[in-house]
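A.B. asks: My structure is in structure_4.csv, and what it holds is CSV, C-alpha atoms:
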```csv
chain,number,residue,atom,x,y,z
A,1,MET,CA,-18.8,-3.1,-40.0
A,2,ASP,CA,-21.7,-5.5,-40.3
A,3,PHE,CA,-21.0,-7.8,-37.4
A,4,GLY,CA,-23.9,-10.1,-38.4
A,5,LYS,CA,-22.0,-11.2,-41.5
A,6,LEU,CA,-19.1,-12.4,-39.3
A,7,SER,CA,-21.2,-14.8,-37.2
A,8,LEU,CA,-21.3,-18.5,-38.0
A,9,ALA,CA,-23.1,-19.3,-34.8
A,10,SER,CA,-25.4,-22.0,-36.3
A,11,THR,CA,-22.3,-24.2,-36.6
A,12,SER,CA,-20.5,-23.1,-33.5
A,13,PRO,CA,-20.0,-25.7,-30.7
A,14,PHE,CA,-22.0,-23.4,-28.4
A,15,ASP,CA,-25.7,-22.7,-28.4
A,16,CYS,CA,-25.6,-20.4,-25.4
A,17,LEU,CA,-23.2,-18.2,-23.5
A,18,LEU,CA,-23.7,-17.9,-19.8
A,19,PHE,CA,-21.9,-14.8,-18.4
A,20,ASP,CA,-21.1,-14.0,-14.8
A,21,LEU,CA,-21.4,-10.3,-14.1
A,22,ASP,CA,-19.1,-8.7,-11.5
A,23,ASP,CA,-15.4,-8.8,-12.2
A,24,THR,CA,-16.3,-10.6,-15.5
A,25,LEU,CA,-18.0,-8.1,-17.6
A,26,TYR,CA,-15.9,-5.3,-16.1
A,27,SER,CA,-12.4,-5.3,-14.7
A,28,SER,CA,-11.7,-6.4,-11.1
A,29,HIS,CA,-9.4,-3.3,-11.0
A,30,THR,CA,-12.5,-1.0,-10.6
A,31,GLY,CA,-12.4,-1.8,-6.9
A,32,ILE,CA,-16.1,-2.8,-6.7
A,33,ASP,CA,-15.3,-6.1,-5.1
A,34,GLN,CA,-13.2,-4.5,-2.4
A,35,ALA,CA,-16.0,-2.0,-1.8
A,36,VAL,CA,-18.5,-4.9,-1.5
A,37,LYS,CA,-16.3,-6.6,1.1
A,38,LYS,CA,-16.0,-3.3,3.1
A,39,ASN,CA,-19.8,-2.8,3.0
A,40,ILE,CA,-20.3,-6.4,4.2
A,41,GLU,CA,-18.1,-5.8,7.2
A,42,GLU,CA,-19.9,-2.5,7.9
A,43,PHE,CA,-23.2,-4.5,7.8
A,44,LEU,CA,-21.9,-7.0,10.3
A,45,VAL,CA,-20.9,-4.1,12.6
A,46,GLU,CA,-23.9,-1.8,12.2
A,47,LYS,CA,-26.7,-4.4,11.8
A,48,CYS,CA,-25.4,-7.4,13.7
A,49,GLY,CA,-23.4,-5.9,16.4
A,50,PHE,CA,-20.0,-7.5,15.7
A,51,GLY,CA,-16.8,-5.7,16.5
A,52,ARG,CA,-14.9,-4.2,13.6
A,53,ASP,CA,-12.0,-6.6,13.8
A,54,GLN,CA,-14.3,-9.5,14.4
A,55,ALA,CA,-16.4,-8.5,11.3
A,56,ALA,CA,-13.4,-8.8,9.0
A,57,ILE,CA,-12.6,-12.3,10.1
A,58,LEU,CA,-16.3,-13.4,10.2
A,59,ARG,CA,-16.9,-12.2,6.6
A,60,VAL,CA,-14.1,-14.5,5.4
A,61,GLU,CA,-15.2,-17.5,7.5
A,62,LEU,CA,-18.9,-17.2,6.5
A,63,PHE,CA,-17.9,-17.1,2.8
A,64,LYS,CA,-15.7,-20.2,3.2
A,65,THR,CA,-18.3,-22.1,5.1
A,66,TYR,CA,-21.6,-21.0,3.6
A,67,GLY,CA,-20.7,-19.4,0.3
A,68,SER,CA,-21.7,-15.9,1.4
A,69,THR,CA,-22.1,-13.7,4.5
A,70,LEU,CA,-25.9,-13.6,4.0
A,71,ALA,CA,-26.2,-17.4,3.7
A,72,GLY,CA,-24.0,-17.8,6.8
A,73,LEU,CA,-25.9,-15.3,8.9
A,74,ARG,CA,-29.3,-16.9,8.1
A,75,ALA,CA,-27.9,-20.4,8.7
A,76,LEU,CA,-26.7,-19.2,12.1
A,77,GLY,CA,-30.2,-17.9,13.0
A,78,TYR,CA,-30.0,-14.2,12.2
A,79,ASP,CA,-33.2,-12.8,10.8
A,80,ILE,CA,-31.6,-11.0,7.9
A,81,SER,CA,-33.8,-9.9,5.0
A,82,ALA,CA,-32.1,-10.5,1.6
A,83,ASP,CA,-33.5,-7.2,0.4
A,84,ASP,CA,-32.1,-5.3,3.4
A,85,TYR,CA,-28.8,-7.0,3.0
A,86,HIS,CA,-28.4,-6.2,-0.7
A,87,SER,CA,-29.7,-2.7,-0.2
A,88,PHE,CA,-27.0,-2.0,2.3
A,89,VAL,CA,-24.1,-3.9,0.6
A,90,HIS,CA,-24.8,-2.7,-3.0
A,91,GLY,CA,-26.5,0.6,-2.2
A,92,ARG,CA,-23.2,2.2,-1.1
A,93,LEU,CA,-21.1,1.0,-4.0
A,94,PRO,CA,-19.0,3.5,-6.1
A,95,TYR,CA,-20.9,2.7,-9.2
A,96,GLU,CA,-19.4,5.7,-11.0
A,97,ARG,CA,-16.2,3.6,-11.4
A,98,ILE,CA,-18.1,1.3,-13.9
A,99,LYS,CA,-17.8,2.9,-17.4
A,100,PRO,CA,-19.5,2.1,-20.7
A,101,ASN,CA,-17.7,-0.6,-22.8
A,102,PRO,CA,-18.7,-0.1,-26.4
A,103,GLN,CA,-16.0,-2.6,-27.6
A,104,LEU,CA,-17.6,-5.3,-25.5
A,105,ARG,CA,-21.0,-4.2,-26.7
A,106,ASN,CA,-20.0,-4.7,-30.3
A,107,ILE,CA,-18.5,-8.1,-29.5
A,108,LEU,CA,-21.7,-9.2,-27.8
A,109,LEU,CA,-23.9,-8.0,-30.6
A,110,SER,CA,-21.8,-10.0,-33.0
A,111,ILE,CA,-22.7,-13.2,-31.2
A,112,THR,CA,-26.0,-14.6,-32.4
A,113,GLN,CA,-26.3,-17.4,-29.9
A,114,ARG,CA,-28.3,-16.9,-26.7
A,115,LYS,CA,-26.5,-14.8,-24.1
A,116,ILE,CA,-27.6,-15.0,-20.5
A,117,ILE,CA,-26.3,-13.4,-17.3
A,118,PHE,CA,-25.8,-15.7,-14.3
A,119,THR,CA,-24.9,-13.8,-11.1
A,120,ASN,CA,-25.1,-14.2,-7.4
A,121,SER,CA,-26.1,-10.6,-7.1
A,122,ASP,CA,-29.6,-9.3,-6.8
A,123,TRP,CA,-31.8,-8.0,-9.7
A,124,ILE,CA,-31.4,-4.3,-8.9
A,125,HIS,CA,-27.6,-4.5,-8.8
A,126,ALA,CA,-27.4,-6.6,-12.0
A,127,ASN,CA,-29.5,-4.2,-14.0
A,128,LYS,CA,-27.6,-1.2,-12.7
A,129,VAL,CA,-24.3,-2.6,-13.7
A,130,LEU,CA,-25.5,-3.6,-17.2
A,131,ALA,CA,-26.9,-0.2,-17.7
A,132,LEU,CA,-23.6,1.5,-16.7
A,133,LEU,CA,-21.7,-0.8,-19.1
A,134,GLY,CA,-24.1,0.0,-21.9
A,135,LEU,CA,-25.0,-3.7,-22.2
A,136,GLU,CA,-28.6,-3.7,-20.9
A,137,ASP,CA,-30.0,-4.9,-24.2
A,138,CYS,CA,-27.3,-7.5,-25.0
A,139,PHE,CA,-28.8,-10.3,-22.9
A,140,GLU,CA,-32.0,-12.2,-23.2
A,141,GLN,CA,-32.2,-13.2,-19.5
A,142,ILE,CA,-30.8,-12.4,-16.1
A,143,ILE,CA,-30.5,-15.3,-13.7
A,144,CYS,CA,-29.8,-13.7,-10.3
A,145,PHE,CA,-30.2,-14.1,-6.6
A,146,GLU,CA,-34.0,-13.9,-6.8
A,147,THR,CA,-34.1,-16.6,-9.5
A,148,ILE,CA,-32.0,-19.0,-7.5
A,149,ASN,CA,-33.8,-18.2,-4.2
A,150,PRO,CA,-37.4,-17.7,-5.0
A,151,ASN,CA,-38.7,-18.8,-1.6
A,152,LEU,CA,-36.7,-16.5,0.6
A,153,PRO,CA,-39.3,-13.6,0.6
A,154,LYS,CA,-41.8,-16.1,2.0
A,155,ALA,CA,-39.6,-17.4,4.7
A,156,THR,CA,-40.9,-16.9,8.2
A,157,ARG,CA,-37.8,-18.2,10.0
A,158,PRO,CA,-34.1,-17.3,9.4
A,159,ASN,CA,-33.0,-20.9,8.6
A,160,GLU,CA,-36.2,-22.0,6.9
A,161,PHE,CA,-34.7,-21.8,3.4
A,162,ARG,CA,-31.0,-22.3,2.7
A,163,VAL,CA,-29.5,-19.5,0.6
A,164,LEU,CA,-28.2,-20.9,-2.7
A,165,LEU,CA,-25.4,-19.3,-4.6
A,166,LYS,CA,-22.7,-20.3,-7.0
A,167,PRO,CA,-20.7,-22.5,-6.6
A,168,SER,CA,-23.4,-24.6,-5.1
A,169,LEU,CA,-24.3,-27.4,-7.5
A,170,ASP,CA,-28.0,-26.9,-6.5
A,171,ALA,CA,-27.7,-23.2,-7.5
A,172,MET,CA,-26.1,-24.3,-10.8
A,173,GLN,CA,-28.9,-26.7,-11.5
A,174,ILE,CA,-31.6,-24.1,-10.8
A,175,ALA,CA,-29.8,-21.7,-13.2
A,176,LEU,CA,-29.5,-24.3,-16.0
A,177,THR,CA,-33.1,-25.2,-15.6
A,178,ALA,CA,-34.2,-21.5,-15.7
A,179,ALA,CA,-32.0,-20.9,-18.8
A,180,ASN,CA,-33.3,-24.1,-20.4
A,181,VAL,CA,-29.9,-25.0,-21.9
A,182,ASN,CA,-28.0,-28.1,-22.9
A,183,PRO,CA,-24.9,-27.8,-20.6
A,184,HIS,CA,-22.7,-29.6,-23.1
A,185,ARG,CA,-23.4,-26.9,-25.7
A,186,THR,CA,-23.2,-23.9,-23.2
A,187,LEU,CA,-20.1,-21.8,-22.5
A,188,PHE,CA,-19.9,-20.6,-18.9
A,189,LEU,CA,-17.7,-17.5,-18.3
A,190,ASP,CA,-16.8,-16.6,-14.8
A,191,ASP,CA,-13.8,-15.0,-12.9
A,192,SER,CA,-14.1,-17.4,-9.9
A,193,VAL,CA,-12.1,-20.7,-10.0
A,194,ARG,CA,-14.6,-22.2,-7.6
A,195,ASN,CA,-17.5,-21.3,-9.9
A,196,ILE,CA,-15.7,-22.6,-12.9
A,197,ALA,CA,-15.1,-25.9,-11.2
A,198,ALA,CA,-18.8,-26.1,-10.4
A,199,GLY,CA,-19.7,-25.4,-14.0
A,200,LYS,CA,-17.4,-28.1,-15.2
A,201,ALA,CA,-19.0,-30.5,-12.8
A,202,MET,CA,-22.4,-29.7,-14.3
A,203,GLY,CA,-21.1,-30.5,-17.8
A,204,LEU,CA,-20.6,-26.9,-19.0
A,205,LYS,CA,-17.8,-25.7,-21.2
A,206,THR,CA,-15.9,-23.2,-19.1
A,207,ALA,CA,-13.9,-20.0,-19.6
A,208,LEU,CA,-12.0,-18.5,-16.7
A,209,VAL,CA,-12.0,-14.7,-17.0
A,210,GLY,CA,-9.3,-12.5,-15.7
A,211,ARG,CA,-6.6,-15.1,-16.1
A,212,SER,CA,-4.0,-15.7,-18.8
A,213,THR,CA,-3.7,-19.4,-18.0
A,214,LYS,CA,-6.3,-22.1,-17.6
A,215,THR,CA,-7.0,-24.2,-14.5
A,216,ASN,CA,-7.8,-27.9,-14.7
A,217,GLU,CA,-11.5,-27.1,-14.8
A,218,ALA,CA,-11.3,-24.3,-17.4
A,219,ASP,CA,-11.5,-25.1,-21.1
A,220,TYR,CA,-10.4,-21.5,-21.9
A,221,ALA,CA,-8.7,-18.6,-20.2
A,222,VAL,CA,-9.8,-15.1,-21.1
A,223,GLU,CA,-7.5,-12.4,-19.6
A,224,ASN,CA,-10.0,-9.7,-20.5
A,225,VAL,CA,-13.5,-10.2,-21.7
A,226,ASN,CA,-12.7,-7.6,-24.5
A,227,ASN,CA,-10.3,-10.3,-25.8
A,228,LEU,CA,-13.1,-12.8,-26.2
A,229,VAL,CA,-12.8,-13.0,-30.0
A,230,GLN,CA,-9.1,-13.8,-29.8
A,231,ALA,CA,-9.4,-16.2,-26.9
A,232,ILE,CA,-12.4,-18.2,-28.0
A,233,PRO,CA,-12.9,-17.8,-31.8
A,234,GLU,CA,-15.0,-21.1,-31.8
A,235,ILE,CA,-18.0,-19.0,-30.7
A,236,TRP,CA,-18.1,-17.6,-34.2
A,237,MET,CA,-16.7,-20.6,-36.1
A,238,MET,CA,-18.1,-23.5,-38.2
A,239,ASP,CA,-17.3,-27.0,-37.0
A,240,GLY,CA,-15.3,-29.5,-39.0
A,241,ALA,CA,-18.4,-31.1,-40.5
A,242,MET,CA,-19.3,-27.8,-42.2
A,243,GLU,CA,-15.9,-27.2,-43.8
A,244,ASN,CA,-16.9,-29.3,-46.9
A,245,ASP,CA,-20.0,-27.1,-47.4
A,246,GLN,CA,-19.9,-25.5,-50.9
A,247,ASN,CA,-20.1,-22.0,-49.4
A,248,MET,CA,-17.4,-22.7,-46.7
A,249,ILE,CA,-14.6,-24.2,-48.8
A,250,GLY,CA,-11.3,-22.4,-48.2
A,251,ARG,CA,-12.6,-20.8,-44.9
A,252,SER,CA,-10.1,-22.3,-42.4
A,253,ARG,CA,-10.1,-21.8,-38.6
A,254,SER,CA,-7.2,-19.3,-39.0
A,255,ASP,CA,-9.1,-17.4,-41.7
A,256,VAL,CA,-12.1,-17.0,-39.5
A,257,GLU,CA,-10.0,-16.0,-36.5
A,258,THR,CA,-8.3,-13.3,-38.6
A,259,LEU,CA,-11.6,-12.1,-39.8
A,260,LEU,CA,-13.1,-11.9,-36.3
A,261,MET,CA,-10.0,-10.1,-34.9
A,262,THR,CA,-11.5,-6.9,-36.4
A,263,VAL,CA,-14.4,-7.0,-34.0
A,264,GLY,CA,-12.1,-6.0,-31.2
A,265,ALA,CA,-10.5,-3.2,-33.2
```
Please express the file's structure as structure tokens.
C.D. replies:
Amino acid sequence: MDFGKLSLASTSPFDCLLFDLDDTLYSSHTGIDQAVKKNIEEFLVEKCGFGRDQAAILRVELFKTYGSTLAGLRALGYDISADDYHSFVHGRLPYERIKPNPQLRNILLSITQRKIIFTNSDWIHANKVLALLGLEDCFEQIICFETINPNLPKATRPNEFRVLLKPSLDAMQIALTAANVNPHRTLFLDDSVRNIAAGKAMGLKTALVGRSTKTNEADYAVENVNNLVQAIPEIWMMDGAMENDQNMIGRSRSDVETLLMTVGA
């Protein structure tokens, strides 16, 4: 099928799609998130000297207070290198659980708008995950930890620079500036309710991934990213102003949705 013929992106309400990576482009059932949490706790034990029971509690508390364990440790004065932290936490992940997703690849290739990754993870992890999914050439840009925190490698003191991550509005603003997008015409897809709320606060259109029902801050709910065509057909659709175009007469919203359903087949 020629997916390019299905796209009506020039008249879609979205100029850009901003995708989270982990537990968004692949299922949370892979267990990668649980492995990350385990590795963080191991880092607290092996590198910071905390007891094992204390590490489990501390990980949760640092996340709630600072947005991440790394941010919390640096704020508390621990001289933790971001590269060392990411190498430890991501370097031990069971990446073999992430499999190629040709269906998602076809869907992404059918979208002619700009497609950008926006992840809290580091550059190495992001590229590895995209390669494993078979999606490494589907995005024009990766906005990641290093993009949001460009000054951390130059820091000489642990608390010299605050670690910025989603859902921080400062992190969101840096990402939007780096992407050079109009937030009102950008669709932000993420599995985190907190991140979606931050996106809505920045004026983005929002899609909560991994849920069948929307939250107050989510414009859409996408139970599985492979169902993107069915959940948000507007990505491919003309707006009302174009329905009177000579070439578009008779092409209703339902017609377009039915046509696009074949992308996921």
A.B. asks: Would you mind reading off the distance between CA of Ala175 in chain A and CA of Glu217 in chain A, one decimal, in Å?
C.D. replies: 19.1 Å
A.B. asks: Find, counting only C-alpha atoms, the residue in A:Ile111, A:Ala198, A:Val89, A:Leu58 that gets nearest to Glu42 in chain A.
C.D. replies: A:Val89
A.B. asks: When you count all atoms listed in the file, which of these residues is closest to Ile232 in chain A: A:Ser81, A:Thr69, A:Ser12, A:Gln141?
C.D. replies: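 Smallest distance to Ile232 in chain A is found for A:Ser12.
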A.B. asks: Write out as a compact mmCIF listing (two decimals) with C-alpha atoms, keeping the file's coordinate frame the residues lying within 8 Å of His184 in chain A, counting only C-alpha atoms and excluding same-chain residues fewer than 3 positions away.
C.D. replies:
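New file result_28.txt:
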```
# COMPACT_ATOMS: atom_id res chain seq x y z
CA GLY A 203 -21.10 -30.50 -17.80
CA LEU A 204 -20.60 -26.90 -19.00
CA LYS A 205 -17.80 -25.70 -21.20
```
A.B. asks: A:Ile148, A:Tyr95, A:Cys138, A:Thr206: which is nearest Val36 in chain A, counting all atoms listed in the file?
C.D. replies: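 With all atoms listed in the file as the atom set, the closest residue is A:Tyr95.
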A.B. asks: Need the shell around Val222 in chain A: protein/DNA/RNA residues with any atom at most 10 Å away, counting only C-alpha atoms. Skip same-chain ones fewer than 3 positions apart. Format as a list of chain:residue names?
C.D. replies: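 Using only C-alpha atoms, the neighbours found are A:Thr24, A:Leu189, A:Asp190, A:Asp191, A:Ala207, A:Leu208, A:Val209, A:Gly210, A:Arg211, A:Ser212, A:Thr213, A:Lys214, A:Val225, A:Asn226, A:Asn227, A:Leu228, A:Val229, A:Gln230, A:Ala231, A:Ile232.
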A.B. asks: At what distance in Å, to one decimal, does CA of Ser192 in chain A lie from CA of Phe19 in chain A?
C.D. replies: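 We find that CA of Phe19 in chain A and CA of Ser192 in chain A lie 11.8 Å from each other.
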A.B. asks: Rounded to one decimal in Å, what is the spacing between CA of Trp236 in chain A and CA of Asn224 in chain A?
C.D. replies: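 If I compute the distance from CA of Trp236 in chain A to CA of Asn224 in chain A, I get 17.8 Å.
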A.B. asks: So that I can see what lies close to Ile57 in chain A, please list as a ChimeraX atom specification the residues with an atom at most 12 Å from it, counting all atoms listed in the file and leaving out residues fewer than 4 positions away in the same chain.
C.D. replies: /A:37-38,40-41,44-45,50-53,61-64,69
A.B. asks: Could you please take those selected residues and save C-alpha atoms as a PDB file, in the frame of the given file?
C.D. replies:
```
ATOM      1  CA  LYS A  37     -16.300  -6.600   1.100  1.00  0.00           C
ATOM      2  CA  LYS A  38     -16.000  -3.300   3.100  1.00  0.00           C
ATOM      3  CA  ILE A  40     -20.300  -6.400   4.200  1.00  0.00           C
ATOM      4  CA  GLU A  41     -18.100  -5.800   7.200  1.00  0.00           C
ATOM      5  CA  LEU A  44     -21.900  -7.000  10.300  1.00  0.00           C
ATOM      6  CA  VAL A  45     -20.900  -4.100  12.600  1.00  0.00           C
ATOM      7  CA  PHE A  50     -20.000  -7.500  15.700  1.00  0.00           C
ATOM      8  CA  GLY A  51     -16.800  -5.700  16.500  1.00  0.00           C
ATOM      9  CA  ARG A  52     -14.900  -4.200  13.600  1.00  0.00           C
ATOM     10  CA  ASP A  53     -12.000  -6.600  13.800  1.00  0.00           C
ATOM     11  CA  GLU A  61     -15.200 -17.500   7.500  1.00  0.00           C
ATOM     12  CA  LEU A  62     -18.900 -17.200   6.500  1.00  0.00           C
ATOM     13  CA  PHE A  63     -17.900 -17.100   2.800  1.00  0.00           C
ATOM     14  CA  LYS A  64     -15.700 -20.200   3.200  1.00  0.00           C
ATOM     15  CA  THR A  69     -22.100 -13.700   4.500  1.00  0.00           C
TER      16      THR A  69
END
```
A.B. asks: Counting all atoms listed in the file, which residue out of A:Ile32, A:Ala82, A:Leu17, A:Leu93 sits closest to Pro150 in chain A?
C.D. replies: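 The shortest atom-to-atom distance to Pro150 in chain A comes from A:Ala82.
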A.B. asks: Counting only C-alpha atoms, what is within 12 Å of range 97-103 of chain A, bar same-chain residues fewer than 6 positions away, as a ChimeraX atom specification?
C.D. replies: /A:22-23,25-33,35,109-110,128-136,138,224-229,262-265
A.B. asks: Name the closest residue to Asn195 in chain A among the candidates A:Thr119, A:Thr177, A:Asn151, A:Asn159; distances are taken between atoms, counting all atoms listed in the file.
C.D. replies: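 Once distances to Asn195 in chain A are computed over all atoms listed in the file, the minimum belongs to A:Thr119.
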A.B. asks: Between A:Phe118, A:Phe43, A:Tyr66, A:Phe14, which has the minimum distance to Arg162 in chain A (counting all atoms listed in the file)?
C.D. replies: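 Smallest distance to Arg162 in chain A is found for A:Tyr66.
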A.B. asks: Could you give me, as number ranges by chain, the residues within 9 Å of Asp79 in chain A, counting all atoms listed in the file and dropping anything in the same chain fewer than 6 positions from it?
C.D. replies: A: 73, 157-159
